[in-house]
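Trainee: Provided below: work-v9.csv, containing CSV, C-alpha atoms.
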chain,number,residue,atom,x,y,z
R,192,ARG,CA,0.0,0.0,0.0
R,193,THR,CA,2.8,2.4,0.8
R,194,LYS,CA,4.4,1.8,-2.6
R,195,ALA,CA,1.1,2.3,-4.4
R,196,TYR,CA,0.5,5.5,-2.4
R,197,ALA,CA,3.9,6.9,-3.4
R,198,GLN,CA,3.1,6.3,-7.1
R,199,LYS,CA,-0.4,7.8,-7.0
R,200,ALA,CA,0.2,10.6,-4.6
R,201,ALA,CA,2.7,12.2,-7.0
R,202,LEU,CA,-0.2,12.6,-9.5
R,203,ASP,CA,-3.2,13.5,-7.4
R,204,SER,CA,-3.4,15.9,-4.5
R,205,GLU,CA,-6.5,14.1,-3.1
R,206,HIS,CA,-4.6,10.9,-3.0
R,207,PHE,CA,-1.7,12.6,-1.3
R,208,GLY,CA,-4.1,13.6,1.5
R,209,GLN,CA,-5.4,10.0,2.0
R,210,SER,CA,-3.1,9.2,4.9
R,211,TYR,CA,-4.4,5.7,5.5
R,212,MET,CA,-3.1,4.6,2.1
R,213,ASN,CA,0.4,5.6,3.2
R,214,CYS,CA,0.6,2.5,5.3
R,215,ALA,CA,4.1,2.4,6.9
R,216,PRO,CA,4.4,6.1,7.8
R,217,THR,CA,0.9,6.2,9.1
R,218,HIS,CA,1.4,3.3,11.5
R,219,LEU,CA,4.9,4.6,12.6
R,220,SER,CA,3.4,8.0,13.3
R,221,TYR,CA,0.6,6.5,15.3
R,222,ALA,CA,3.0,4.3,17.3
R,223,ILE,CA,5.2,7.2,18.3
R,224,ASP,CA,2.2,9.4,19.1
R,225,HIS,CA,0.6,6.7,21.2
R,226,PHE,CA,3.8,6.0,23.2
R,227,PHE,CA,4.1,9.6,24.1
R,228,VAL,CA,0.4,9.8,25.1
R,229,ALA,CA,0.9,6.7,27.3
R,230,GLY,CA,3.9,8.4,29.0
R,231,ALA,CA,6.3,5.8,27.4
R,232,SER,CA,8.7,8.3,25.9
R,233,ASP,CA,11.5,5.7,26.1
R,234,ARG,CA,9.5,3.4,23.8
R,235,ALA,CA,8.8,6.3,21.5
R,236,GLN,CA,12.5,7.1,21.3
R,237,GLU,CA,13.3,3.4,20.6
R,238,THR,CA,10.8,3.3,17.8
R,239,TRP,CA,12.3,6.5,16.3
R,240,VAL,CA,15.9,5.1,16.5
R,241,LEU,CA,14.8,1.8,14.9
R,242,MET,CA,13.1,3.7,12.0
R,243,ARG,CA,16.0,6.0,11.5
R,244,SER,CA,18.6,3.2,11.5
R,245,HIS,CA,16.7,0.9,9.1
R,246,ARG,CA,18.2,0.7,5.6
R,247,TRP,CA,14.8,1.4,4.1
R,248,GLN,CA,13.2,4.5,5.6
R,249,PRO,CA,9.6,5.0,4.6
R,250,VAL,CA,9.6,8.7,5.6
R,251,ASP,CA,12.4,11.2,6.0
R,252,TRP,CA,11.3,12.8,9.4
R,253,GLN,CA,14.0,15.0,10.9
R,254,SER,CA,12.6,15.4,14.4
R,255,ILE,CA,10.8,13.0,16.8
R,256,HIS,CA,8.5,15.9,17.6
R,257,ASN,CA,7.4,16.3,13.9
R,258,THR,CA,6.2,12.9,12.7
R,259,ALA,CA,3.5,14.1,10.4
R,260,ILE,CA,1.7,11.9,7.9
R,261,GLY,CA,2.0,13.3,4.4
R,262,TYR,CA,5.4,14.7,5.3
R,263,LEU,CA,7.3,16.6,2.6
R,264,PRO,CA,11.0,17.1,3.5
R,265,GLY,CA,11.4,19.8,0.9
R,266,ILE,CA,9.2,22.4,2.7
R,267,ALA,CA,10.0,24.5,5.7
R,268,HIS,CA,9.3,22.7,9.1
R,269,TRP,CA,9.2,25.2,11.9
R,270,PRO,CA,7.0,24.9,15.0
R,271,TRP,CA,6.1,28.6,15.3
R,272,TRP,CA,4.7,30.8,12.5
R,273,GLN,CA,3.0,33.8,14.0
R,274,ALA,CA,5.7,36.2,12.7
R,275,HIS,CA,5.6,35.0,9.1
R,276,PRO,CA,4.2,37.7,6.7
R,277,ALA,CA,1.6,35.3,5.3
R,278,VAL,CA,0.4,34.3,8.7
R,279,LYS,CA,0.7,37.6,10.6
R,280,PRO,CA,-2.5,39.0,9.0
R,281,TYR,CA,-4.5,36.2,10.6
R,282,ILE,CA,-2.8,36.9,14.0
R,283,ASP,CA,-3.8,40.5,13.6
R,284,PHE,CA,-7.4,39.6,12.6
R,285,LEU,CA,-8.0,37.5,15.7
R,286,GLU,CA,-6.5,40.0,18.0
R,287,ARG,CA,-8.3,42.9,16.3
R,288,HIS,CA,-11.7,41.1,16.6
R,289,PHE,CA,-11.0,39.6,20.0
R,290,ASN,CA,-13.7,41.5,21.9
R,291,LEU,CA,-16.4,40.7,19.4
R,292,ILE,CA,-15.4,37.0,19.3
R,293,ALA,CA,-15.3,36.8,23.1
R,294,LYS,CA,-18.7,38.5,23.6
R,295,GLU,CA,-20.5,36.2,21.2
R,296,ARG,CA,-18.8,33.1,22.6
R,297,ARG,CA,-21.1,33.1,25.5
R,298,ALA,CA,-24.0,32.3,23.2
R,299,LEU,CA,-22.4,28.9,22.7
R,300,ASP,CA,-22.3,27.8,26.3
R,301,TRP,CA,-25.2,25.4,25.7
R,302,HIS,CA,-24.3,24.2,22.2
R,303,ALA,CA,-25.0,20.5,21.6
R,304,ASN,CA,-21.4,20.0,20.4
R,305,LEU,CA,-20.2,20.5,23.9
R,306,GLN,CA,-21.6,17.0,24.6
R,307,GLU,CA,-19.7,15.4,21.7
R,308,ASP,CA,-16.0,14.5,21.1
R,309,ALA,CA,-14.2,16.7,18.6
R,310,PHE,CA,-12.2,13.8,17.2
R,311,PRO,CA,-13.1,10.5,18.8
R,312,ALA,CA,-10.1,8.7,17.2
R,313,THR,CA,-7.8,11.1,19.3
R,314,SER,CA,-9.9,11.6,22.5
R,315,ASN,CA,-13.2,9.9,23.2
R,316,ASP,CA,-13.8,10.9,26.8
R,317,LYS,CA,-15.7,14.1,26.1
R,318,SER,CA,-12.7,16.3,27.1
R,319,TRP,CA,-12.3,17.9,23.7
R,320,HIS,CA,-15.1,19.6,21.6
R,321,LYS,CA,-15.3,21.6,18.5
R,322,ILE,CA,-17.8,24.0,16.8
R,323,GLU,CA,-17.0,24.5,13.1
R,324,PHE,CA,-17.9,27.6,11.0
R,325,TRP,CA,-16.3,26.5,7.7
R,326,GLN,CA,-17.1,23.3,5.8
R,327,ALA,CA,-17.4,22.4,2.1
R,328,GLY,CA,-16.1,25.8,1.0
R,329,ALA,CA,-18.6,28.0,2.9
R,330,LEU,CA,-19.6,29.3,6.3
R,331,THR,CA,-21.9,26.9,8.2
R,332,ASP,CA,-25.2,27.3,9.9
R,333,GLU,CA,-23.4,27.7,13.2
R,334,CYS,CA,-23.2,31.4,12.1
R,335,ASP,CA,-26.8,31.7,13.4
R,336,TRP,CA,-25.4,31.5,16.9
R,337,THR,CA,-22.7,34.2,16.4
R,338,PRO,CA,-23.7,36.4,13.4
R,339,LEU,CA,-21.4,39.2,14.1
R,340,THR,CA,-18.4,36.9,14.4
R,341,CYS,CA,-19.3,35.4,11.0
R,342,ASP,CA,-19.7,38.9,9.5
R,343,ALA,CA,-16.1,39.5,10.5
R,344,LEU,CA,-15.0,36.0,9.2
R,345,SER,CA,-16.6,36.8,5.8
R,346,THR,CA,-14.2,39.7,5.4
R,347,LEU,CA,-11.4,37.1,5.1
R,348,GLY,CA,-12.6,36.5,1.5
R,349,TRP,CA,-12.4,32.8,1.6
R,350,GLY,CA,-13.9,30.6,-1.1
R,351,ALA,CA,-14.0,26.9,-2.0
R,352,ALA,CA,-11.0,27.3,-4.4
R,353,GLY,CA,-8.8,28.0,-1.4
R,354,ASP,CA,-9.5,24.7,0.3
R,355,ILE,CA,-6.2,23.1,-0.8
R,356,VAL,CA,-5.9,21.7,2.8
R,357,THR,CA,-8.6,21.2,5.4
R,358,ARG,CA,-9.0,24.8,6.3
R,359,LYS,CA,-10.8,25.6,9.6
R,360,LEU,CA,-12.7,28.4,11.2
R,361,ALA,CA,-13.7,26.9,14.5
R,362,TRP,CA,-13.9,26.9,18.3
R,363,SER,CA,-11.7,24.3,20.1
R,364,ILE,CA,-12.8,23.6,23.7
R,365,VAL,CA,-10.9,21.5,26.2
R,366,GLU,CA,-12.6,20.7,29.5
R,367,PRO,CA,-11.0,21.7,32.9
R,368,GLY,CA,-8.7,19.1,34.5
R,369,THR,CA,-8.2,17.2,31.3
R,370,ARG,CA,-6.0,17.0,28.2
R,371,PHE,CA,-6.5,16.1,24.6
R,372,ALA,CA,-4.0,13.5,23.5
R,373,GLY,CA,-0.9,14.6,21.7
R,374,HIS,CA,-1.1,13.9,18.0
R,375,SER,CA,0.7,14.8,14.8
R,376,GLY,CA,-1.3,16.6,12.1
R,377,GLN,CA,-0.7,17.9,8.6
R,378,SER,CA,2.7,19.4,7.5
R,379,LEU,CA,0.9,21.5,4.9
R,380,ARG,CA,-1.3,23.3,7.4
R,381,ILE,CA,-0.7,26.2,9.8
R,382,ASN,CA,-3.0,26.6,12.8
R,383,ILE,CA,-3.6,30.1,14.2
R,384,GLN,CA,-5.4,30.4,17.6
R,385,VAL,CA,-6.5,33.0,20.1
R,386,CYS,CA,-7.5,32.0,23.6
R,387,VAL,CA,-10.7,33.6,24.7
R,388,HIS,CA,-12.0,31.9,27.9
R,389,GLY,CA,-10.4,29.6,30.5
R,390,CYS,CA,-6.9,30.5,29.5
R,391,GLU,CA,-5.4,30.4,33.0
R,392,GLY,CA,-3.8,27.0,33.6
R,393,ALA,CA,-4.2,25.9,29.9
R,394,GLU,CA,-1.0,24.8,28.2
R,395,LEU,CA,0.0,24.0,24.7
R,396,HIS,CA,2.7,21.3,24.5
R,397,ILE,CA,4.7,21.3,21.2
R,398,ASP,CA,8.3,20.5,20.1
R,399,GLY,CA,9.2,19.4,23.6
R,400,THR,CA,8.2,22.8,25.1
R,401,VAL,CA,5.2,24.1,27.1
R,402,VAL,CA,3.5,27.4,26.2
R,403,GLN,CA,0.9,29.0,28.5
R,404,TYR,CA,-2.2,30.3,26.8
R,405,GLU,CA,-2.8,34.0,27.3
R,406,ARG,CA,-6.2,35.6,26.9
R,407,GLY,CA,-6.3,37.7,23.8
R,408,ARG,CA,-2.9,36.7,22.4
R,409,ALA,CA,-2.8,34.8,19.2
R,410,ILE,CA,-0.2,32.2,18.3
R,411,ALA,CA,0.5,30.0,15.2
R,412,TRP,CA,2.2,26.7,14.7
R,413,GLN,CA,2.7,24.1,12.0
R,414,ASP,CA,0.1,21.3,12.4
R,415,GLY,CA,2.5,18.5,11.7
R,416,TRP,CA,4.4,19.0,15.0
R,417,ARG,CA,3.0,16.8,17.7
R,418,HIS,CA,0.8,19.0,19.9
R,419,GLU,CA,-1.2,18.5,23.0
R,420,VAL,CA,-3.3,20.7,25.3
R,421,ARG,CA,-3.5,20.3,29.1
R,422,ASN,CA,-6.0,22.3,30.9
R,423,ARG,CA,-5.0,22.6,34.6
R,424,GLY,CA,-7.5,25.4,35.2
R,425,MET,CA,-11.0,25.5,36.6
R,426,GLN,CA,-12.8,26.6,33.4
R,427,PRO,CA,-13.1,25.0,29.9
R,428,ARG,CA,-10.4,26.4,27.6
R,429,TRP,CA,-12.0,28.1,24.5
R,430,VAL,CA,-9.8,29.1,21.6
R,431,PHE,CA,-10.9,30.3,18.2
R,432,MET,CA,-8.8,28.7,15.5
R,433,ILE,CA,-8.1,29.5,11.9
R,434,SER,CA,-6.2,26.9,9.8
R,435,ILE,CA,-4.6,27.8,6.5
R,436,PRO,CA,-2.3,26.2,3.9
R,437,HIS,CA,1.4,26.3,4.6
R,438,PRO,CA,2.7,29.5,2.9
R,439,GLU,CA,5.2,27.5,0.7
R,440,TYR,CA,2.4,25.2,-0.4
R,441,GLN,CA,0.2,28.1,-1.3
R,442,LEU,CA,2.9,29.8,-3.3
R,443,ALA,CA,3.8,26.6,-5.2
R,444,TRP,CA,0.1,25.8,-5.9
R,445,ASP,CA,-0.5,29.3,-7.3
R,446,ALA,CA,2.8,29.3,-9.3
R,447,SER,CA,1.9,25.9,-10.8
R,448,GLY,CA,-1.6,27.0,-11.9
R,449,ALA,CA,-3.2,24.6,-9.4
R,450,GLN,CA,-1.5,21.6,-11.0
R,451,TRP,CA,-0.6,19.1,-8.3
R,452,PRO,CA,2.4,17.3,-10.0
R,453,ASP,CA,4.1,20.6,-10.6
R,454,THR,CA,3.3,21.8,-7.1
R,455,LEU,CA,4.8,18.7,-5.6
R,456,GLN,CA,7.9,19.0,-7.7
R,457,ARG,CA,8.3,22.6,-6.5
R,458,LEU,CA,7.7,21.6,-2.9
R,459,ASN,CA,10.4,18.9,-3.1
R,460,GLY,CA,12.8,21.4,-4.7
R,461,THR,CA,14.5,24.4,-3.3
R,462,TRP,CA,11.6,26.6,-2.3
R,463,ARG,CA,12.3,28.4,0.9
R,464,LEU,CA,10.9,31.4,2.8
R,465,ALA,CA,12.6,33.5,5.4
R,466,GLY,CA,12.8,31.9,8.8
R,467,PRO,CA,12.7,29.9,11.0
R,468,TYR,CA,10.6,32.0,13.4
R,469,ASP,CA,11.0,32.2,17.2
R,470,ARG,CA,8.8,30.4,19.6
R,471,VAL,CA,6.2,32.5,21.5
Please re-express this file's structure in structure tokens.
Mentor:
Amino acid sequence: RTKAYAQKAALDSEHFGQSYMNCAPTHLSYAIDHFFVAGASDRAQETWVLMRSHRWQPVDWQSIHNTAIGYLPGIAHWPWWQAHPAVKPYIDFLERHFNLIAKERRALDWHANLQEDAFPATSNDKSWHKIEFWQAGALTDECDWTPLTCDALSTLGWGAAGDIVTRKLAWSIVEPGTRFAGHSGQSLRINIQVCVHGCEGAELHIDGTVVQYERGRAIAWQDGWRHEVRNRGMQPRWVFMISIPHPEYQLAWDASGAQWPDTLQRLNGTWRLAGPYDRV
């Protein structure tokens, strides 16, 4: 399956995103993630060393903290992205509209999604919830709950053509006294978040470091780095999140005329943007 994936993914961006077809890297990524979640960091390190020492490496990961599925070694891999010129406008947007977003958040305190798991495959104990405002290339009916927030979101000018990764406009909620399990996401996606409620005692764990959430301060990181949230506070942690394509991916896609084979060739070439950028 891994060999078939490698052949087809080079021709089709949809196939590239089908991680379960990329058999060996998928299971290796899950194994390392699950060892870390279980507190068995020594077993995670053992798996990493075995993979790196094998004569046939199914994926060219460079850090044990960045074991993303769909990994492309040719693109920039930095944990922190909030200072990047293609990401900074979203940082500014969230901070500029913070008061509005925070005010309308209260309308969601009784939303039905707060009784559901955000991603049951990652956490299935009702500790992590989501409320999504962007799906299938359009704002969702959740905008009926927070119309002014969605009026602001509409000024981003998004359309279906920009969904070259799984873009998100969403609330992410982690219950007090819990954590959502550490997991590795997509290398080609950047997450931008602002903490709005329950920030005290909430931590983001990424790249072997711990960052305290601060109310009203936006941060951004590459989704492929293993990330985990621990909420040691007394309130649910609410962050509003925007997810966008990796800036190099967006540039290569635009330059290729939206042709995936040429995009992939560019991404595996010498494309580089200024950086890396400092942690928060």
Trainee: Using all atoms listed in the file, I'd like a table of the residues in segment 193-294 of chain R that come within 10 Å of segment 359-373 of chain R; for each, show the closest atom pair and its distance in Å rounded to one decimal, ordered by chain and ascending number, as a Markdown table.
Mentor:
| residue | atom | partner | partner_atom | distance |
| --- | --- | --- | --- | --- |
| R:Asp224 | CA | R:Gly373 | CA | 6.6 |
| R:His225 | CA | R:Gly373 | CA | 8.1 |
| R:Phe226 | CA | R:Gly373 | CA | 9.9 |
| R:Phe227 | CA | R:Gly373 | CA | 7.5 |
| R:Val228 | CA | R:Ala372 | CA | 6.0 |
| R:Ala229 | CA | R:Ala372 | CA | 9.2 |
Trainee: Export C-alpha atoms of the chosen residues as a short mmCIF file (atom, residue, chain, number, x, y, z; two decimals), in the coordinates of the input?
Mentor:
data_model
loop_
_atom_site.label_atom_id
_atom_site.label_comp_id
_atom_site.auth_asym_id
_atom_site.auth_seq_id
_atom_site.Cartn_x
_atom_site.Cartn_y
_atom_site.Cartn_z
CA ASP R 224 2.20 9.40 19.10
CA HIS R 225 0.60 6.70 21.20
CA PHE R 226 3.80 6.00 23.20
CA PHE R 227 4.10 9.60 24.10
CA VAL R 228 0.40 9.80 25.10
CA ALA R 229 0.90 6.70 27.30
#
Trainee: What is the distance between atom CA of Ser375 of chain R and atom CA of Gly399 of chain R, in Å to one decimal?
Mentor: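 Computed distance, atom CA of Ser375 of chain R to atom CA of Gly399 of chain R, equals 13.1 Å.
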Trainee: Enumerate, as a ChimeraX atom specification, the protein, DNA and RNA residues whose atoms approach (-5.1, 39.4, 24.0) to within 12 Å, taking into account all atoms listed in the file and the coordinate frame of the file.
Mentor: /R:282-290,292-293,384-388,390,404-410,430
Trainee: What separation in Å, quoted to one decimal, exists between atom CA of Pro438 of chain R and atom CA of Ala277 of chain R?
Mentor: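 The value is 6.4 Å.
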Trainee: Out of R:Arg243, R:Arg421, R:His396, R:Arg380, which residue has the shortest atom-to-atom distance to Trp269 of chain R when counting all atoms listed in the file?
Mentor: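 Among the listed residues, the smallest separation from Trp269 of chain R belongs to R:Arg380.
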Trainee: When distances are computed from only C-alpha atoms, which of R:Asp342, R:Glu333, R:Asp251, R:Asp398 shows the smallest separation from Lys321 of chain R?
Mentor: R:Glu333
Trainee: For atom CA of Ala327 of chain R and atom CA of Glu419 of chain R, determine how far apart the two atoms are, in Å to one decimal place.
Mentor: 26.7 Å
Trainee: Find the spatial neighbours of Asp335 of chain R, counting all atoms listed in the file, within a cut-off of 12 Å - ignore same-chain residues fewer than 2 positions away - and output them as a compact mmCIF listing (two decimals) with C-alpha atoms, in the frame of the given file.
Mentor:
# COMPACT_ATOMS: atom_id res chain seq x y z
CA GLU R 295 -20.50 36.20 21.20
CA ALA R 298 -24.00 32.30 23.20
CA LEU R 299 -22.40 28.90 22.70
CA HIS R 302 -24.30 24.20 22.20
CA PHE R 324 -17.90 27.60 11.00
CA LEU R 330 -19.60 29.30 6.30
CA THR R 331 -21.90 26.90 8.20
CA ASP R 332 -25.20 27.30 9.90
CA GLU R 333 -23.40 27.70 13.20
CA THR R 337 -22.70 34.20 16.40
CA PRO R 338 -23.70 36.40 13.40
CA LEU R 339 -21.40 39.20 14.10
CA THR R 340 -18.40 36.90 14.40
CA CYS R 341 -19.30 35.40 11.00
CA ASP R 342 -19.70 38.90 9.50
Trainee: If you count only C-alpha atoms, which residues fall within 12 Å of Val356 of chain R, apart from same-chain ones fewer than 2 positions away, as a tab-separated table (two decimals) with C-alpha atoms, in the coordinates of the input?
Mentor:
chain	number	residue	atom	x	y	z
R	204	SER	CA	-3.40	15.90	-4.50
R	205	GLU	CA	-6.50	14.10	-3.10
R	207	PHE	CA	-1.70	12.60	-1.30
R	208	GLY	CA	-4.10	13.60	1.50
R	209	GLN	CA	-5.40	10.00	2.00
R	261	GLY	CA	2.00	13.30	4.40
R	326	GLN	CA	-17.10	23.30	5.80
R	327	ALA	CA	-17.40	22.40	2.10
R	328	GLY	CA	-16.10	25.80	1.00
R	351	ALA	CA	-14.00	26.90	-2.00
R	352	ALA	CA	-11.00	27.30	-4.40
R	353	GLY	CA	-8.80	28.00	-1.40
R	354	ASP	CA	-9.50	24.70	0.30
R	358	ARG	CA	-9.00	24.80	6.30
R	359	LYS	CA	-10.80	25.60	9.60
R	376	GLY	CA	-1.30	16.60	12.10
R	377	GLN	CA	-0.70	17.90	8.60
R	378	SER	CA	2.70	19.40	7.50
R	379	LEU	CA	0.90	21.50	4.90
R	380	ARG	CA	-1.30	23.30	7.40
R	381	ILE	CA	-0.70	26.20	9.80
R	382	ASN	CA	-3.00	26.60	12.80
R	414	ASP	CA	0.10	21.30	12.40
R	434	SER	CA	-6.20	26.90	9.80
R	435	ILE	CA	-4.60	27.80	6.50
R	436	PRO	CA	-2.30	26.20	3.90
R	437	HIS	CA	1.40	26.30	4.60
R	438	PRO	CA	2.70	29.50	2.90
R	440	TYR	CA	2.40	25.20	-0.40
R	441	GLN	CA	0.20	28.10	-1.30
R	444	TRP	CA	0.10	25.80	-5.90
Trainee: Around segment 432-450 of chain R, with edges along x, y and z and 5 Å added on all six sides, what centre and edge lengths do you get, in Å to one decimal, as JSON?
Mentor:
{"center_x": -1.8, "center_y": 25.7, "center_z": 1.8, "size_x": 24.0, "size_y": 18.2, "size_z": 37.4}
Trainee: Counting only C-alpha atoms, which of R:Pro270, R:Asp308, R:Ala303, R:Ala231 gets nearest to Thr400 of chain R?
Mentor: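 Looking at the shortest contact to Thr400 of chain R, the residue is R:Pro270.
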Trainee: For Pro427 of chain R, which of R:Trp272, R:Trp247, R:Trp319, R:Phe310 is the closest residue, counting only C-alpha atoms?
Mentor: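 For Pro427 of chain R, the nearest of the candidates is R:Trp319.
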Trainee: If we count all atoms listed in the file and set the cut-off at 6 Å, which residues sit around Glu391 of chain R, ignoring sequence neighbours fewer than 2 positions away in its own chain? Please answer as a list in words.
Mentor: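 Once the adjacent positions are removed, what remains is Gly389, Ala393 and Gly424 of chain R.
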Trainee: Smallest atom-to-atom distance to His206 of chain R: which of R:Gly348, R:Pro452, R:Pro280, R:Gly392, using all atoms listed in the file?
Mentor: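 Among R:Gly348, R:Pro452, R:Pro280, R:Gly392, it is R:Pro452 that comes nearest to His206 of chain R.
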Trainee: Tell me which protein, DNA and RNA residues are within 12 Å of Arg192 of chain R, counting all atoms listed in the file, leaving out same-chain ones fewer than 6 positions away, and put them as a PyMOL selection string.
Mentor: chain R and resi 198-200+209-217+249
Trainee: Report as a ChimeraX atom specification all protein, DNA and RNA residues lying within 7 Å of Glu394 of chain R, evaluated on all atoms listed in the file, omitting residues in the same chain fewer than 3 positions from it.
Mentor: /R:401-404,420-422
Trainee: With all atoms listed in the file as the basis for distance, which of R:Gln253, R:Ser220, R:Thr346, R:Ser314 is at the shortest distance from Thr238 of chain R?
Mentor: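 Ranked by minimum distance to Thr238 of chain R, first place goes to R:Ser220.
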Trainee: Enumerate, as a list in words, the protein, DNA and RNA residues whose atoms approach (7.7, 17.6, -6.5) to within 10 Å, taking into account only C-alpha atoms and the coordinate frame of the file.
Mentor: Ala201, Leu202, Leu263, Gly265, Ala443, Trp451, Pro452, Asp453, Thr454, Leu455, Gln456, Arg457, Leu458, Asn459 and Gly460 of chain R
Trainee: Go ahead and write the selection's residues with C-alpha atoms as a compact mmCIF listing (two decimals), in the coordinates of the input.
Mentor:
# COMPACT_ATOMS: atom_id res chain seq x y z
CA ALA R 201 2.70 12.20 -7.00
CA LEU R 202 -0.20 12.60 -9.50
CA LEU R 263 7.30 16.60 2.60
CA GLY R 265 11.40 19.80 0.90
CA ALA R 443 3.80 26.60 -5.20
CA TRP R 451 -0.60 19.10 -8.30
CA PRO R 452 2.40 17.30 -10.00
CA ASP R 453 4.10 20.60 -10.60
CA THR R 454 3.30 21.80 -7.10
CA LEU R 455 4.80 18.70 -5.60
CA GLN R 456 7.90 19.00 -7.70
CA ARG R 457 8.30 22.60 -6.50
CA LEU R 458 7.70 21.60 -2.90
CA ASN R 459 10.40 18.90 -3.10
CA GLY R 460 12.80 21.40 -4.70
